[in-house]
$ cat my_file-v2.pdb   # PDB, C-alpha atoms, pLDDT in the B column
ATOM      1  CA  MET Z 237       0.000   0.000   0.000  1.00 67.00           C
ATOM      2  CA  LEU Z 238       1.157   3.494  -0.835  1.00 74.00           C
ATOM      3  CA  LYS Z 239       0.224   4.717   2.641  1.00 74.00           C
ATOM      4  CA  ASN Z 240       3.146   2.696   4.017  1.00 77.00           C
ATOM      5  CA  GLU Z 241       5.391   5.426   2.644  1.00 77.00           C
ATOM      6  CA  PHE Z 242       4.297   7.532   5.604  1.00 80.00           C
ATOM      7  CA  HIS Z 243       5.299   5.001   8.267  1.00 78.00           C
ATOM      8  CA  LYS Z 244       8.883   6.221   8.235  1.00 78.00           C
ATOM      9  CA  GLU Z 245       7.727   9.755   9.003  1.00 79.00           C
ATOM     10  CA  GLN Z 246       5.696   9.560  12.188  1.00 83.00           C
ATOM     11  CA  TRP Z 247       5.807  13.331  12.794  1.00 83.00           C
ATOM     12  CA  LEU Z 248       4.450  13.941   9.291  1.00 84.00           C
ATOM     13  CA  LYS Z 249       1.616  11.488   9.964  1.00 86.00           C
ATOM     14  CA  ASP Z 250       0.842  13.291  13.211  1.00 86.00           C
ATOM     15  CA  SER Z 251       0.740  16.632  11.378  1.00 85.00           C
ATOM     16  CA  LEU Z 252      -1.549  15.284   8.659  1.00 87.00           C
ATOM     17  CA  ASP Z 253      -3.845  13.710  11.252  1.00 88.00           C
ATOM     18  CA  GLN Z 254      -4.442  17.156  12.751  1.00 86.00           C
ATOM     19  CA  ASP Z 255      -6.385  18.170   9.664  1.00 87.00           C
ATOM     20  CA  LYS Z 256     -10.003  17.370  10.487  1.00 88.00           C
ATOM     21  CA  VAL Z 257     -12.803  18.308   8.108  1.00 90.00           C
ATOM     22  CA  GLU Z 258     -16.262  19.262   9.310  1.00 90.00           C
ATOM     23  CA  ILE Z 259     -19.004  18.094   6.955  1.00 91.00           C
ATOM     24  CA  PRO Z 260     -21.633  20.793   6.220  1.00 89.00           C
ATOM     25  CA  LYS Z 261     -25.185  19.826   7.214  1.00 86.00           C
ATOM     26  CA  GLN Z 262     -26.604  20.873   3.855  1.00 79.00           C
ATOM     27  CA  LEU Z 263     -24.817  17.929   2.238  1.00 81.00           C
ATOM     28  CA  ILE Z 264     -26.719  15.326   4.262  1.00 80.00           C
ATOM     29  CA  THR Z 265     -29.507  15.330   1.708  1.00 77.00           C
ATOM     30  CA  TYR Z 266     -28.971  15.513  -2.020  1.00 79.00           C
ATOM     31  CA  LYS Z 267     -30.449  18.667  -3.554  1.00 71.00           C
ATOM     32  CA  LYS Z 268     -32.373  17.310  -6.464  1.00 63.00           C
ATOM     33  CA  SER Z 269     -32.861  20.314  -8.683  1.00 67.00           C
ATOM     34  CA  ARG Z 270     -30.518  23.025  -9.921  1.00 69.00           C
ATOM     35  CA  TRP Z 271     -33.261  25.541  -9.103  1.00 74.00           C
ATOM     36  CA  GLN Z 272     -33.165  24.532  -5.444  1.00 71.00           C
ATOM     37  CA  ARG Z 273     -29.390  25.027  -5.444  1.00 69.00           C
ATOM     38  CA  PHE Z 274     -29.712  28.366  -7.230  1.00 75.00           C
ATOM     39  CA  ILE Z 275     -32.111  29.614  -4.561  1.00 76.00           C
ATOM     40  CA  GLN Z 276     -29.719  28.408  -1.883  1.00 69.00           C
ATOM     41  CA  TYR Z 277     -26.888  30.263  -3.637  1.00 71.00           C
ATOM     42  CA  LEU Z 278     -28.955  33.483  -3.701  1.00 79.00           C
ATOM     43  CA  ALA Z 279     -29.811  33.124  -0.031  1.00 78.00           C
ATOM     44  CA  SER Z 280     -26.244  32.409   1.085  1.00 73.00           C
ATOM     45  CA  PRO Z 281     -24.396  35.251   2.838  1.00 72.00           C
ATOM     46  CA  THR Z 282     -21.987  37.163   0.627  1.00 74.00           C
ATOM     47  CA  LYS Z 283     -18.761  38.926   1.395  1.00 72.00           C
ATOM     48  CA  ASP Z 284     -18.918  42.709   1.658  1.00 74.00           C
ATOM     49  CA  PRO Z 285     -16.538  44.066  -1.023  1.00 73.00           C
ATOM     50  CA  LEU Z 286     -16.028  47.317   0.931  1.00 74.00           C
ATOM     51  CA  GLU Z 287     -15.055  45.581   4.164  1.00 74.00           C
ATOM     52  CA  PRO Z 288     -11.264  46.036   3.763  1.00 72.00           C
ATOM     53  CA  ILE Z 289     -11.851  49.783   3.230  1.00 74.00           C
ATOM     54  CA  TYR Z 290     -14.042  50.603   6.209  1.00 72.00           C
ATOM     55  CA  SER Z 291     -12.389  48.187   8.624  1.00 73.00           C
ATOM     56  CA  SER Z 292      -9.480  50.662   9.062  1.00 77.00           C
ATOM     57  CA  SER Z 293     -10.038  54.205  10.361  1.00 79.00           C
ATOM     58  CA  VAL Z 294      -8.130  55.757   7.425  1.00 80.00           C
ATOM     59  CA  GLY Z 295     -10.212  53.786   4.944  1.00 80.00           C
ATOM     60  CA  TYR Z 296     -13.443  54.736   6.710  1.00 80.00           C
ATOM     61  CA  THR Z 297     -12.539  58.448   6.677  1.00 83.00           C
ATOM     62  CA  SER Z 298     -11.578  58.331   3.001  1.00 82.00           C
ATOM     63  CA  LEU Z 299     -14.851  56.555   2.209  1.00 82.00           C
ATOM     64  CA  LYS Z 300     -16.738  59.404   3.928  1.00 84.00           C
ATOM     65  CA  LEU Z 301     -14.668  62.072   2.137  1.00 88.00           C
ATOM     66  CA  LEU Z 302     -14.948  60.413  -1.272  1.00 89.00           C
ATOM     67  CA  PRO Z 303     -18.317  62.024  -2.261  1.00 91.00           C
ATOM     68  CA  ILE Z 304     -17.060  65.477  -1.208  1.00 93.00           C
ATOM     69  CA  VAL Z 305     -13.783  65.080  -3.107  1.00 93.00           C
ATOM     70  CA  THR Z 306     -15.685  63.824  -6.162  1.00 94.00           C
ATOM     71  CA  ALA Z 307     -18.109  66.768  -5.995  1.00 95.00           C
ATOM     72  CA  VAL Z 308     -15.233  69.271  -5.713  1.00 95.00           C
ATOM     73  CA  PHE Z 309     -13.432  67.598  -8.592  1.00 94.00           C
ATOM     74  CA  ILE Z 310     -16.510  67.706 -10.862  1.00 94.00           C
ATOM     75  CA  THR Z 311     -17.160  71.366  -9.930  1.00 94.00           C
ATOM     76  CA  ILE Z 312     -13.571  72.369 -10.778  1.00 93.00           C
ATOM     77  CA  LEU Z 313     -13.795  70.402 -14.018  1.00 91.00           C
ATOM     78  CA  GLN Z 314     -17.015  72.205 -14.993  1.00 91.00           C
ATOM     79  CA  ILE Z 315     -15.541  75.638 -14.161  1.00 91.00           C
ATOM     80  CA  MET Z 316     -12.458  74.901 -16.236  1.00 89.00           C
ATOM     81  CA  LEU Z 317     -14.513  73.703 -19.183  1.00 86.00           C
ATOM     82  CA  GLN Z 318     -16.618  76.890 -19.317  1.00 78.00           C
TER      83      GLN Z 318
ATOM     84  CA  MET J   6     -23.948  -5.885   3.541  1.00 82.00           C
ATOM     85  CA  MET J   7     -24.012  -4.852  -0.104  1.00 90.00           C
ATOM     86  CA  SER J   8     -20.936  -3.268  -1.703  1.00 92.00           C
ATOM     87  CA  ASN J   9     -20.906   0.051  -3.543  1.00 91.00           C
ATOM     88  CA  GLU J  10     -20.645  -1.839  -6.830  1.00 91.00           C
ATOM     89  CA  GLU J  11     -23.735  -3.895  -6.031  1.00 92.00           C
ATOM     90  CA  TRP J  12     -25.690  -0.741  -5.169  1.00 93.00           C
ATOM     91  CA  MET J  13     -24.493   0.769  -8.437  1.00 93.00           C
ATOM     92  CA  GLU J  14     -25.951  -2.196 -10.290  1.00 92.00           C
ATOM     93  CA  VAL J  15     -29.226  -1.636  -8.427  1.00 92.00           C
ATOM     94  CA  TYR J  16     -29.173   1.998  -9.495  1.00 92.00           C
ATOM     95  CA  LYS J  17     -28.273   1.161 -13.101  1.00 90.00           C
ATOM     96  CA  ASN J  18     -31.326  -1.091 -13.165  1.00 90.00           C
ATOM     97  CA  GLY J  19     -33.500   1.914 -12.386  1.00 88.00           C
ATOM     98  CA  ASP J  20     -33.938   1.698  -8.608  1.00 90.00           C
ATOM     99  CA  ILE J  21     -33.381   5.147  -7.054  1.00 89.00           C
ATOM    100  CA  GLU J  22     -32.582   3.492  -3.704  1.00 91.00           C
ATOM    101  CA  GLY J  23     -29.207   2.565  -5.201  1.00 92.00           C
ATOM    102  CA  PHE J  24     -28.460   6.219  -5.864  1.00 92.00           C
ATOM    103  CA  GLU J  25     -29.525   7.268  -2.366  1.00 91.00           C
ATOM    104  CA  GLU J  26     -27.388   4.588  -0.767  1.00 93.00           C
ATOM    105  CA  LEU J  27     -24.343   5.574  -2.844  1.00 94.00           C
ATOM    106  CA  TYR J  28     -24.868   9.226  -1.960  1.00 93.00           C
ATOM    107  CA  SER J  29     -25.105   8.509   1.767  1.00 92.00           C
ATOM    108  CA  ARG J  30     -21.941   6.399   1.642  1.00 94.00           C
ATOM    109  CA  LEU J  31     -19.769   8.576  -0.561  1.00 94.00           C
ATOM    110  CA  TYR J  32     -20.641  12.246  -0.103  1.00 94.00           C
ATOM    111  CA  GLU J  33     -18.402  12.513   2.956  1.00 94.00           C
ATOM    112  CA  PRO J  34     -15.139  11.203   1.463  1.00 95.00           C
ATOM    113  CA  LEU J  35     -15.801  13.227  -1.689  1.00 96.00           C
ATOM    114  CA  TYR J  36     -16.355  16.423   0.272  1.00 95.00           C
ATOM    115  CA  CYS J  37     -13.264  15.828   2.428  1.00 95.00           C
ATOM    116  CA  PHE J  38     -11.087  15.388  -0.666  1.00 95.00           C
ATOM    117  CA  LEU J  39     -12.484  18.459  -2.403  1.00 95.00           C
ATOM    118  CA  PHE J  40     -12.360  20.622   0.702  1.00 94.00           C
ATOM    119  CA  ARG J  41      -8.788  19.651   1.550  1.00 93.00           C
ATOM    120  CA  TYR J  42      -7.806  20.395  -2.045  1.00 94.00           C
ATOM    121  CA  THR J  43      -9.501  23.789  -2.356  1.00 92.00           C
ATOM    122  CA  ARG J  44     -10.184  24.890   1.257  1.00 90.00           C
ATOM    123  CA  GLU J  45     -13.435  26.382  -0.031  1.00 90.00           C
ATOM    124  CA  GLU J  46     -16.613  25.114   1.566  1.00 90.00           C
ATOM    125  CA  GLN J  47     -19.206  26.341  -0.931  1.00 87.00           C
ATOM    126  CA  LEU J  48     -17.166  25.286  -3.953  1.00 90.00           C
ATOM    127  CA  SER J  49     -16.685  21.802  -2.478  1.00 93.00           C
ATOM    128  CA  ILE J  50     -20.402  21.446  -1.684  1.00 91.00           C
ATOM    129  CA  ASP J  51     -21.292  22.477  -5.240  1.00 89.00           C
ATOM    130  CA  ILE J  52     -18.878  19.982  -6.759  1.00 92.00           C
ATOM    131  CA  VAL J  53     -20.185  17.121  -4.603  1.00 93.00           C
ATOM    132  CA  GLN J  54     -23.730  17.904  -5.786  1.00 90.00           C
ATOM    133  CA  ASP J  55     -22.576  18.290  -9.396  1.00 90.00           C
ATOM    134  CA  THR J  56     -20.740  14.962  -9.200  1.00 93.00           C
ATOM    135  CA  PHE J  57     -23.880  13.076  -8.203  1.00 92.00           C
ATOM    136  CA  GLU J  58     -25.915  14.963 -10.773  1.00 89.00           C
ATOM    137  CA  ARG J  59     -23.394  13.910 -13.426  1.00 90.00           C
ATOM    138  CA  LEU J  60     -23.595  10.327 -12.158  1.00 91.00           C
ATOM    139  CA  GLN J  61     -27.265  10.290 -13.071  1.00 88.00           C
ATOM    140  CA  TYR J  62     -26.410  10.979 -16.715  1.00 88.00           C
ATOM    141  CA  ILE J  63     -23.421   8.669 -17.080  1.00 91.00           C
ATOM    142  CA  LYS J  64     -24.303   5.822 -14.731  1.00 89.00           C
ATOM    143  CA  GLN J  65     -24.375   3.397 -17.646  1.00 90.00           C
ATOM    144  CA  ASP J  66     -20.693   4.197 -18.374  1.00 91.00           C
ATOM    145  CA  PHE J  67     -19.624   2.594 -15.118  1.00 92.00           C
ATOM    146  CA  ASP J  68     -17.887  -0.706 -15.692  1.00 89.00           C
ATOM    147  CA  GLN J  69     -17.032  -2.811 -12.658  1.00 87.00           C
ATOM    148  CA  GLN J  70     -14.129  -4.405 -14.550  1.00 88.00           C
ATOM    149  CA  LYS J  71     -12.430  -1.025 -14.917  1.00 87.00           C
ATOM    150  CA  GLY J  72     -12.594   0.118 -11.300  1.00 89.00           C
ATOM    151  CA  THR J  73     -14.634   0.812  -8.192  1.00 92.00           C
ATOM    152  CA  VAL J  74     -17.606   3.146  -7.831  1.00 93.00           C
ATOM    153  CA  LYS J  75     -15.565   5.265  -5.419  1.00 94.00           C
ATOM    154  CA  ALA J  76     -12.805   5.761  -8.010  1.00 94.00           C
ATOM    155  CA  PHE J  77     -15.451   6.482 -10.678  1.00 94.00           C
ATOM    156  CA  LEU J  78     -17.023   9.220  -8.546  1.00 95.00           C
ATOM    157  CA  PHE J  79     -13.682  10.663  -7.460  1.00 96.00           C
ATOM    158  CA  GLN J  80     -12.681  10.860 -11.121  1.00 95.00           C
ATOM    159  CA  ILE J  81     -15.853  12.800 -12.003  1.00 95.00           C
ATOM    160  CA  ALA J  82     -15.372  15.118  -9.012  1.00 96.00           C
ATOM    161  CA  TYR J  83     -11.681  15.720  -9.754  1.00 95.00           C
ATOM    162  CA  ARG J  84     -12.404  16.642 -13.384  1.00 95.00           C
ATOM    163  CA  LEU J  85     -15.242  18.964 -12.398  1.00 94.00           C
ATOM    164  CA  MET J  86     -13.039  20.639  -9.810  1.00 95.00           C
ATOM    165  CA  ILE J  87     -10.087  21.128 -12.185  1.00 95.00           C
ATOM    166  CA  ASN J  88     -12.429  22.561 -14.847  1.00 94.00           C
ATOM    167  CA  LYS J  89     -13.965  24.978 -12.347  1.00 92.00           C
ATOM    168  CA  LEU J  90     -10.576  26.085 -11.021  1.00 92.00           C
ATOM    169  CA  ASN J  91      -9.180  26.570 -14.540  1.00 92.00           C
ATOM    170  CA  ARG J  92     -12.231  28.574 -15.555  1.00 91.00           C
ATOM    171  CA  ARG J  93     -11.825  30.715 -12.470  1.00 88.00           C
ATOM    172  CA  LYS J  94      -8.111  31.271 -13.250  1.00 88.00           C
ATOM    173  CA  LYS J  95      -9.081  32.441 -16.734  1.00 88.00           C
ATOM    174  CA  TRP J  96     -11.578  34.967 -15.338  1.00 85.00           C
ATOM    175  CA  ARG J  97      -9.022  36.191 -12.840  1.00 83.00           C
ATOM    176  CA  THR J  98      -6.510  36.764 -15.623  1.00 84.00           C
ATOM    177  CA  LEU J  99      -9.093  38.746 -17.583  1.00 83.00           C
ATOM    178  CA  PHE J 100     -10.279  40.782 -14.582  1.00 78.00           C
ATOM    179  CA  PRO J 101      -7.428  40.869 -12.047  1.00 74.00           C
ATOM    180  CA  PHE J 102      -8.919  43.901 -10.254  1.00 69.00           C
ATOM    181  CA  LEU J 103     -11.879  41.777  -9.113  1.00 66.00           C
ATOM    182  CA  VAL J 104      -9.636  39.338  -7.262  1.00 65.00           C
ATOM    183  CA  PRO J 105      -9.326  40.014  -3.519  1.00 60.00           C
ATOM    184  CA  THR J 106      -5.672  40.444  -2.546  1.00 55.00           C
ATOM    185  CA  GLU J 107      -4.258  38.033  -0.023  1.00 54.00           C
ATOM    186  CA  ASN J 108      -2.478  40.144   2.587  1.00 51.00           C
ATOM    187  CA  ARG J 109      -1.609  37.370   4.948  1.00 52.00           C
ATOM    188  CA  ARG J 110       2.128  36.921   5.441  1.00 52.00           C
ATOM    189  CA  LEU J 111       3.561  34.511   7.953  1.00 51.00           C
ATOM    190  CA  SER J 112       5.740  36.139  10.560  1.00 53.00           C
ATOM    191  CA  ALA J 113       8.985  34.519  11.665  1.00 50.00           C
ATOM    192  CA  ASP J 114       7.493  32.956  14.805  1.00 52.00           C
ATOM    193  CA  GLU J 115       4.200  31.952  13.193  1.00 52.00           C
ATOM    194  CA  LYS J 116       3.872  28.315  12.256  1.00 57.00           C
ATOM    195  CA  LEU J 117       2.742  27.020   8.905  1.00 65.00           C
ATOM    196  CA  THR J 118      -0.249  24.782   9.560  1.00 82.00           C
ATOM    197  CA  VAL J 119      -0.555  21.466   7.801  1.00 84.00           C
ATOM    198  CA  GLN J 120      -3.593  22.809   5.914  1.00 86.00           C
ATOM    199  CA  GLU J 121      -1.559  25.701   4.527  1.00 86.00           C
ATOM    200  CA  ALA J 122       1.346  23.410   3.722  1.00 87.00           C
ATOM    201  CA  ILE J 123      -0.953  21.107   1.721  1.00 89.00           C
ATOM    202  CA  LEU J 124      -2.493  24.087  -0.059  1.00 88.00           C
ATOM    203  CA  GLN J 125       0.972  25.295  -1.062  1.00 87.00           C
ATOM    204  CA  LEU J 126       1.851  21.991  -2.711  1.00 89.00           C
ATOM    205  CA  PRO J 127       1.822  21.976  -6.526  1.00 90.00           C
ATOM    206  CA  GLU J 128      -1.654  20.892  -7.691  1.00 88.00           C
ATOM    207  CA  LYS J 129      -0.475  17.584  -9.157  1.00 86.00           C
ATOM    208  CA  GLN J 130       1.266  16.564  -5.938  1.00 90.00           C
ATOM    209  CA  ARG J 131      -1.596  17.766  -3.734  1.00 93.00           C
ATOM    210  CA  ALA J 132      -4.165  15.441  -5.277  1.00 93.00           C
ATOM    211  CA  VAL J 133      -1.898  12.407  -4.898  1.00 93.00           C
ATOM    212  CA  ILE J 134      -1.019  13.005  -1.248  1.00 92.00           C
ATOM    213  CA  LEU J 135      -4.683  13.554  -0.325  1.00 93.00           C
ATOM    214  CA  LEU J 136      -5.859  10.420  -2.104  1.00 94.00           C
ATOM    215  CA  VAL J 137      -3.096   8.285  -0.621  1.00 92.00           C
ATOM    216  CA  TYR J 138      -3.079   9.516   2.948  1.00 91.00           C
ATOM    217  CA  TYR J 139      -6.686  10.430   3.714  1.00 92.00           C
ATOM    218  CA  HIS J 140      -8.480   7.998   1.421  1.00 92.00           C
ATOM    219  CA  ASP J 141      -5.976   5.162   1.376  1.00 86.00           C
ATOM    220  CA  LEU J 142      -6.701   4.393  -2.269  1.00 90.00           C
ATOM    221  CA  PRO J 143      -4.568   1.891  -4.191  1.00 90.00           C
ATOM    222  CA  GLN J 144      -2.125   3.091  -6.841  1.00 89.00           C
ATOM    223  CA  GLU J 145      -4.289   1.826  -9.712  1.00 90.00           C
ATOM    224  CA  GLU J 146      -7.353   3.764  -8.572  1.00 92.00           C
ATOM    225  CA  ILE J 147      -5.384   6.979  -8.071  1.00 93.00           C
ATOM    226  CA  ALA J 148      -3.934   6.603 -11.565  1.00 93.00           C
ATOM    227  CA  GLN J 149      -7.480   6.153 -12.890  1.00 92.00           C
ATOM    228  CA  ILE J 150      -8.853   9.171 -10.992  1.00 94.00           C
ATOM    229  CA  LEU J 151      -6.077  11.515 -12.080  1.00 93.00           C
ATOM    230  CA  SER J 152      -5.729   9.945 -15.559  1.00 92.00           C
ATOM    231  CA  ILE J 153      -1.984   9.470 -15.165  1.00 93.00           C
ATOM    232  CA  PRO J 154       0.322   6.435 -15.582  1.00 93.00           C
ATOM    233  CA  LEU J 155       0.864   4.114 -12.591  1.00 89.00           C
ATOM    234  CA  GLY J 156       4.525   5.061 -12.170  1.00 91.00           C
ATOM    235  CA  THR J 157       3.701   8.762 -12.075  1.00 93.00           C
ATOM    236  CA  VAL J 158       1.532   8.239  -8.991  1.00 92.00           C
ATOM    237  CA  LYS J 159       4.505   6.974  -6.992  1.00 91.00           C
ATOM    238  CA  SER J 160       6.913   9.643  -8.220  1.00 92.00           C
ATOM    239  CA  ARG J 161       4.388  12.401  -7.460  1.00 92.00           C
ATOM    240  CA  LEU J 162       3.823  10.949  -3.999  1.00 91.00           C
ATOM    241  CA  HIS J 163       7.575  10.945  -3.272  1.00 90.00           C
ATOM    242  CA  ASN J 164       7.861  14.539  -4.454  1.00 91.00           C
ATOM    243  CA  ALA J 165       4.816  15.552  -2.419  1.00 90.00           C
ATOM    244  CA  ILE J 166       6.181  13.967   0.775  1.00 89.00           C
ATOM    245  CA  LYS J 167       9.542  15.623   0.171  1.00 89.00           C
ATOM    246  CA  THR J 168       7.994  19.072  -0.379  1.00 89.00           C
ATOM    247  CA  LEU J 169       5.668  18.712   2.604  1.00 87.00           C
ATOM    248  CA  LYS J 170       8.551  17.638   4.835  1.00 86.00           C
ATOM    249  CA  GLU J 171      10.579  20.658   3.762  1.00 86.00           C
ATOM    250  CA  GLU J 172       7.662  23.005   4.451  1.00 83.00           C
ATOM    251  CA  LEU J 173       6.821  21.567   7.843  1.00 81.00           C
ATOM    252  CA  LYS J 174      10.277  20.457   9.002  1.00 75.00           C
ATOM    253  CA  GLU J 175      11.368  23.835  10.342  1.00 61.00           C
ATOM    254  CA  ASP J 176       8.218  24.163  12.433  1.00 60.00           C
ATOM    255  CA  PHE J 177       8.674  20.659  13.736  1.00 55.00           C
ATOM    256  CA  ASP J 178      12.327  21.276  14.637  1.00 57.00           C
ATOM    257  CA  ALA J 179      11.528  24.588  16.310  1.00 52.00           C
TER     258      ALA J 179
END
$ encode --input "my_file-v2.pdb" --output "structure tokens"
Amino acid sequence: MLKNEFHKEQWLKDSLDQDKVEIPKQLITYKKSRWQRFIQYLASPTKDPLEPIYSSSVGYTSLKLLPIVTAVFITILQIMLQ
Amino acid sequence: MMSNEEWMEVYKNGDIEGFEELYSRLYEPLYCFLFRYTREEQLSIDIVQDTFERLQYIKQDFDQQKGTVKAFLFQIAYRLMINKLNRRKKWRTLFPFLVPTENRRLSADEKLTVQEAILQLPEKQRAVILLVYYHDLPQEEIAQILSIPLGTVKSRLHNAIKTLKEELKEDFDA
């Protein structure tokens, strides 16, 4: 058996044995239709794309200032184009 | 107690009980393999479901002389997973700005966990080490699942053990 290759490396076996996998409950029953799975996909929680920005104080401040900076920028642009 | 192959015959003859029995026996090992390979829960769940959906269409292709039901299902799952990962790589190349950046760097005193070490293995070596160690599959079945020659399985396993030892050795010595 190929697994015998690991017998010489007990510490490696011990490390690999630490990796336990938890089986999700939703797998216990087979979802028969794609539609059912699509609905489940829509209902699953998603990751907030802005999280890395507002999780730091600098990012949060810049997020608040962004509309003001944009407004100033557009105003200047309009004045210069007149 | 009936074997997986006998239940497969039941299913091939049109009895849905065969399918249900195979699902209840094999969804766990399939999920464990996929999750350890990708470390992504939702992706692994989807591939397990897709694998059994695919089985419904190609159940008649299963030939007991060529291998076990477990190897047959692992082969379907492995191909689906590789296709999905390749497709994702393609999208990431086209739209790199949509890919979240991985900021995590290991500090000098932080240990590399076995999960991270496995994830860092080259893809070809990763599949072999997972199938050998966690699923204890014979060389022939692994060759069938990965569609590679018998000898390649052993050489990939040696390389995988060597790489894994190098990655984890320092932590172990420390």
$ atom_distance --input "my_file-v2.pdb" --atom1 "atom CA of Z:Leu252" --atom2 "atom CA of J:Phe40"
14.4 Å
$ resolve_selection --input "my_file-v2.pdb" --expression "the ChimeraX specification (/Z :<7) & /J" --output "MDAnalysis selection string"
chainID J and resid 33 37 50 54 119:120 137:138 141 143:144
$ residues_around --input "my_file-v2.pdb" --residues "J:Pro34" --least-positions-apart "3" --cutoff "12 Å" --atoms "all atoms listed in the file" --output "PDB file with C-alpha atoms, keeping the file's coordinate frame"
ATOM      1  CA  VAL Z 257     -12.803  18.308   8.108  1.00 90.00           C
ATOM      2  CA  GLU Z 258     -16.262  19.262   9.310  1.00 90.00           C
ATOM      3  CA  ILE Z 259     -19.004  18.094   6.955  1.00 91.00           C
ATOM      4  CA  LEU Z 263     -24.817  17.929   2.238  1.00 81.00           C
TER       5      LEU Z 263
ATOM      6  CA  LEU J  27     -24.343   5.574  -2.844  1.00 94.00           C
ATOM      7  CA  TYR J  28     -24.868   9.226  -1.960  1.00 93.00           C
ATOM      8  CA  SER J  29     -25.105   8.509   1.767  1.00 92.00           C
ATOM      9  CA  ARG J  30     -21.941   6.399   1.642  1.00 94.00           C
ATOM     10  CA  LEU J  31     -19.769   8.576  -0.561  1.00 94.00           C
ATOM     11  CA  CYS J  37     -13.264  15.828   2.428  1.00 95.00           C
ATOM     12  CA  PHE J  38     -11.087  15.388  -0.666  1.00 95.00           C
ATOM     13  CA  LEU J  39     -12.484  18.459  -2.403  1.00 95.00           C
ATOM     14  CA  PHE J  40     -12.360  20.622   0.702  1.00 94.00           C
ATOM     15  CA  ARG J  41      -8.788  19.651   1.550  1.00 93.00           C
ATOM     16  CA  SER J  49     -16.685  21.802  -2.478  1.00 93.00           C
ATOM     17  CA  ILE J  50     -20.402  21.446  -1.684  1.00 91.00           C
ATOM     18  CA  VAL J  53     -20.185  17.121  -4.603  1.00 93.00           C
ATOM     19  CA  LYS J  75     -15.565   5.265  -5.419  1.00 94.00           C
ATOM     20  CA  ALA J  76     -12.805   5.761  -8.010  1.00 94.00           C
ATOM     21  CA  LEU J  78     -17.023   9.220  -8.546  1.00 95.00           C
ATOM     22  CA  PHE J  79     -13.682  10.663  -7.460  1.00 96.00           C
ATOM     23  CA  ALA J  82     -15.372  15.118  -9.012  1.00 96.00           C
ATOM     24  CA  LEU J 135      -4.683  13.554  -0.325  1.00 93.00           C
ATOM     25  CA  LEU J 136      -5.859  10.420  -2.104  1.00 94.00           C
ATOM     26  CA  TYR J 139      -6.686  10.430   3.714  1.00 92.00           C
ATOM     27  CA  HIS J 140      -8.480   7.998   1.421  1.00 92.00           C
ATOM     28  CA  ASP J 141      -5.976   5.162   1.376  1.00 86.00           C
ATOM     29  CA  LEU J 142      -6.701   4.393  -2.269  1.00 90.00           C
TER      30      LEU J 142
END
$ resolve_selection --input "my_file-v2.pdb" --expression "the PyMOL selection byres ((chain J and resi 6-9) around 9)" --output "PDB file with C-alpha atoms, in the frame of the given file"
ATOM      1  CA  GLU J  10     -20.645  -1.839  -6.830  1.00 91.00           C
ATOM      2  CA  GLU J  11     -23.735  -3.895  -6.031  1.00 92.00           C
ATOM      3  CA  TRP J  12     -25.690  -0.741  -5.169  1.00 93.00           C
ATOM      4  CA  MET J  13     -24.493   0.769  -8.437  1.00 93.00           C
ATOM      5  CA  GLU J  14     -25.951  -2.196 -10.290  1.00 92.00           C
ATOM      6  CA  GLY J  23     -29.207   2.565  -5.201  1.00 92.00           C
ATOM      7  CA  GLU J  26     -27.388   4.588  -0.767  1.00 93.00           C
ATOM      8  CA  LEU J  27     -24.343   5.574  -2.844  1.00 94.00           C
ATOM      9  CA  ARG J  30     -21.941   6.399   1.642  1.00 94.00           C
ATOM     10  CA  THR J  73     -14.634   0.812  -8.192  1.00 92.00           C
ATOM     11  CA  VAL J  74     -17.606   3.146  -7.831  1.00 93.00           C
ATOM     12  CA  LYS J  75     -15.565   5.265  -5.419  1.00 94.00           C
TER      13      LYS J  75
END
$ resolve_selection --input "my_file-v2.pdb" --expression "the PyMOL selection byres ((chain J and resi 84-92) around 8)" --output "JSON, numbers by chain"
{"J": [39, 52, 55, 56, 80, 81, 82, 83, 93, 94, 95, 96]}
$ write_last_selection --input "my_file-v2.pdb" --atoms "C-alpha atoms" --output "compact mmCIF listing (two decimals), keeping the file's coordinate frame"
# COMPACT_ATOMS: atom_id res chain seq x y z
CA LEU J 39 -12.48 18.46 -2.40
CA ILE J 52 -18.88 19.98 -6.76
CA ASP J 55 -22.58 18.29 -9.40
CA THR J 56 -20.74 14.96 -9.20
CA GLN J 80 -12.68 10.86 -11.12
CA ILE J 81 -15.85 12.80 -12.00
CA ALA J 82 -15.37 15.12 -9.01
CA TYR J 83 -11.68 15.72 -9.75
CA ARG J 93 -11.82 30.72 -12.47
CA LYS J 94 -8.11 31.27 -13.25
CA LYS J 95 -9.08 32.44 -16.73
CA TRP J 96 -11.58 34.97 -15.34
$ atom_distance --input "my_file-v2.pdb" --atom1 "atom CA of J:Ile63" --atom2 "atom CA of J:Glu25"
16.0 Å
$ axis_aligned_box --input "my_file-v2.pdb" --around "stretch 281-294 of chain Z" --padding-each-side "6 Å" --output "JSON"
{"center_x": -16.3, "center_y": 45.5, "center_z": 4.7, "size_x": 28.3, "size_y": 32.5, "size_z": 23.4}
$ atom_distance --input "my_file-v2.pdb" --atom1 "atom CA of J:Glu121" --atom2 "atom CA of Z:Gln246"
19.3 Å
$ closest_residue --input "my_file-v2.pdb" --among "J:Leu124, J:Thr98, J:Tyr16, J:Thr168" --to "J:Tyr62" --atoms "all atoms listed in the file"
J:Tyr16
$ closest_residue --input "my_file-v2.pdb" --among "J:Phe57, J:Tyr42, J:Phe24, J:Phe67" --to "J:Leu126" --atoms "all atoms listed in the file"
J:Tyr42
$ closest_residue --input "my_file-v2.pdb" --among "Z:Gln272, Z:Thr306, Z:Thr282, Z:Gln314" --to "J:Gln47" --atoms "all atoms listed in the file"
Z:Thr282
$ closest_residue --input "my_file-v2.pdb" --among "J:Tyr36, J:Glu146, J:Leu162, J:Phe77" --to "J:Pro127" --atoms "all atoms listed in the file"
J:Leu162
$ closest_residue --input "my_file-v2.pdb" --among "Z:Ile312, Z:Leu286, Z:Leu317, Z:Ile275" --to "Z:Leu299" --atoms "only C-alpha atoms"
Z:Leu286
